[in-house]
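Below: the structure, in structure tokens.
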Amino acid sequence: MKVVITYGTYDVLHLGHINLLRRAKALGDYLIVGLSTDEFNAVKGKKSFYSYEQRKQILEAIRYVDLVIPEENWEQKVKDIKEHKADVFVMGSDWENKFDELREVCEVIYLPRTEDISSTETKEYLKTLD
């Protein structure tokens with residue numbers, strides 16, 4: 001069985017997220033999503049609209065996702081890859097070259113982003129609707 005792992009916040013879920021998850025799943029048999037916890041988002045200077053538990057439930061309902069694990073810090077990726085025996089690490093192309101050091105433990109693939117879709121832009125637009 002080929003295991004694929006990816007990470008993200010997955011707040012304000014949109015087509016770009018679904019495309020990434022679908023393409024990541026197509027690279028293997030089992031897809032693990034490391035989901036940033038609310039505490040880790042705070043460290044990154046982010047605040048999610050939905051809580052970790054809500055985002056986790058949403059991801060678990062997506063047919064491409066087999067397992068959701070908490071992402072609590074930047075350093076845990078190697079441990080997760082080894083623990084879950086991941087063969088492939090996947091991220092969007094906006095992270096190009098930022099995780100190349102993981103090539104020592106698995107294959108690293110950066111998938112192209114979906115054009116004209118962004119969580120940040122969606123959140124900014126939603127603010128204008130008030």
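By order of appearance in the structure tokens: chains A, B, ..., then residues from 1 within every chain, and ligands from 1 in the order shown.
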Near Glu115 in chain A, within 12 Å and counting only C-alpha atoms, which residues show up once chain neighbours fewer than 6 positions away are dropped, as an MDAnalysis selection string? chainID A and resid 14:17 19:20 92:94
Any chance you could export the current selection's N, CA and C atoms as a PDB file, in the first residue's frame?
ATOM      1  N   HIS A  14     -12.486  25.042   0.046  1.00  0.00           N
ATOM      2  CA  HIS A  14     -12.868  25.464  -1.298  1.00  0.00           C
ATOM      3  C   HIS A  14     -12.352  24.461  -2.325  1.00  0.00           C
ATOM      4  N   LEU A  15     -12.671  24.730  -3.585  1.00  0.00           N
ATOM      5  CA  LEU A  15     -12.324  23.821  -4.669  1.00  0.00           C
ATOM      6  C   LEU A  15     -10.823  23.557  -4.749  1.00  0.00           C
ATOM      7  N   GLY A  16      -9.994  24.532  -4.435  1.00  0.00           N
ATOM      8  CA  GLY A  16      -8.550  24.323  -4.455  1.00  0.00           C
ATOM      9  C   GLY A  16      -8.128  23.245  -3.474  1.00  0.00           C
ATOM     10  N   HIS A  17      -8.749  23.248  -2.283  1.00  0.00           N
ATOM     11  CA  HIS A  17      -8.455  22.201  -1.293  1.00  0.00           C
ATOM     12  C   HIS A  17      -8.876  20.831  -1.832  1.00  0.00           C
ATOM     13  N   ASN A  19      -9.278  19.878  -4.914  1.00  0.00           N
ATOM     14  CA  ASN A  19      -8.377  19.466  -6.008  1.00  0.00           C
ATOM     15  C   ASN A  19      -7.062  18.924  -5.473  1.00  0.00           C
ATOM     16  N   LEU A  20      -6.494  19.595  -4.477  1.00  0.00           N
ATOM     17  CA  LEU A  20      -5.235  19.125  -3.899  1.00  0.00           C
ATOM     18  C   LEU A  20      -5.421  17.743  -3.269  1.00  0.00           C
ATOM     19  N   GLY A  92       1.089  21.976  -1.882  1.00  0.00           N
ATOM     20  CA  GLY A  92       0.803  22.836  -3.017  1.00  0.00           C
ATOM     21  C   GLY A  92       2.065  23.546  -3.483  1.00  0.00           C
ATOM     22  N   SER A  93       2.053  23.973  -4.731  1.00  0.00           N
ATOM     23  CA  SER A  93       3.239  24.591  -5.332  1.00  0.00           C
ATOM     24  C   SER A  93       3.616  25.917  -4.680  1.00  0.00           C
ATOM     25  N   ASP A  94       2.725  26.492  -3.890  1.00  0.00           N
ATOM     26  CA  ASP A  94       3.088  27.718  -3.166  1.00  0.00           C
ATOM     27  C   ASP A  94       4.139  27.428  -2.091  1.00  0.00           C
TER      28      ASP A  94
END
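The neighbours of range 99-107 of chain A here are the residues that come within 7 Å of it, using only C-alpha atoms and leaving out any residue fewer than 5 positions away in the same chain; they are A:Val78, A:Asp87, A:Val88, A:Phe89.
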Output for the residues just chosen: N, CA and C atoms as an mmCIF file, in the first residue's frame:
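Saved to part.cif:
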data_model
loop_
_atom_site.group_PDB
_atom_site.id
_atom_site.type_symbol
_atom_site.label_atom_id
_atom_site.label_comp_id
_atom_site.auth_asym_id
_atom_site.auth_seq_id
_atom_site.Cartn_x
_atom_site.Cartn_y
_atom_site.Cartn_z
ATOM 1 N N VAL A 78 8.901 14.724 9.859
ATOM 2 C CA VAL A 78 9.739 13.519 9.711
ATOM 3 C C VAL A 78 9.208 12.403 10.604
ATOM 4 N N ASP A 87 5.033 7.155 1.974
ATOM 5 C CA ASP A 87 5.925 7.031 0.826
ATOM 6 C C ASP A 87 6.091 8.360 0.094
ATOM 7 N N VAL A 88 5.037 9.200 0.170
ATOM 8 C CA VAL A 88 5.009 10.452 -0.587
ATOM 9 C C VAL A 88 4.516 11.584 0.303
ATOM 10 N N PHE A 89 5.220 12.704 0.268
ATOM 11 C CA PHE A 89 4.822 13.932 0.944
ATOM 12 C C PHE A 89 4.367 14.901 -0.141
#
Among the residues of chain A, find those DSSP assigns to helix (DSSP H, G or I) from the backbone and print them as a ChimeraX atom specification. /A:15-26,38-43,52-60,74-83,93-95,100-104,119-128
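Residue nearest Asp38 in chain A within the list A:Ile18, A:Gly8, A:Asp66, A:Leu59: A:Gly8 [criterion: smallest interatomic distance, only C-alpha atoms].
Using only C-alpha atoms, the nearest neighbour of Thr6 in chain A within the list A:Thr122, A:Asn97, A:Ser36, A:Asn41 is A:Ser36.
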Select, from A:Gly34, A:Asp116, A:Val12, A:Glu124, the residue with the minimum atom-to-atom distance to Lys79 in chain A, counting only C-alpha atoms. A:Gly34
Skipping near chain neighbours, those fewer than 2 positions away, what residues fall within 12 Å of Ala26 in chain A using only C-alpha atoms, listed as a ChimeraX atom specification? /A:2-5,19-24,28-31,63-65,88,90,111
Measure the distance from CA of Glu72 in chain A to CA of Met91 in chain A in Å and round it to one decimal. 17.0 Å
Test item, strand (DSSP E) assignment across chain A, answer as a VMD selection string: chain A and resid 3 to 8 30 to 36 67 to 71 88 to 92 107 to 111
Using only C-alpha atoms, which residue out of A:Ile62, A:Glu71, A:Lys85, A:Lys56 lies closest to Val43 in chain A?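 Distance minimum relative to Val43 in chain A lands on A:Glu71.
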For CA of Asp80 in chain A and CA of Thr9 in chain A, determine how far apart the two atoms are, in Å to one decimal place.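 Separating CA of Asp80 in chain A from CA of Thr9 in chain A is a distance of 16.6 Å.
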Nearest candidate to Val68 in chain A (options A:Tyr7, A:Leu129, A:Val108, A:Lys98; using only C-alpha atoms):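 Selected residue with least distance to Val68 in chain A: A:Tyr7.
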Point-to-point distance from CA of Gly45 in chain A to CA of Ile58 in chain A, Å rounded to tenths: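 About the pair CA of Gly45 in chain A and CA of Ile58 in chain A: they are 22.5 Å apart.
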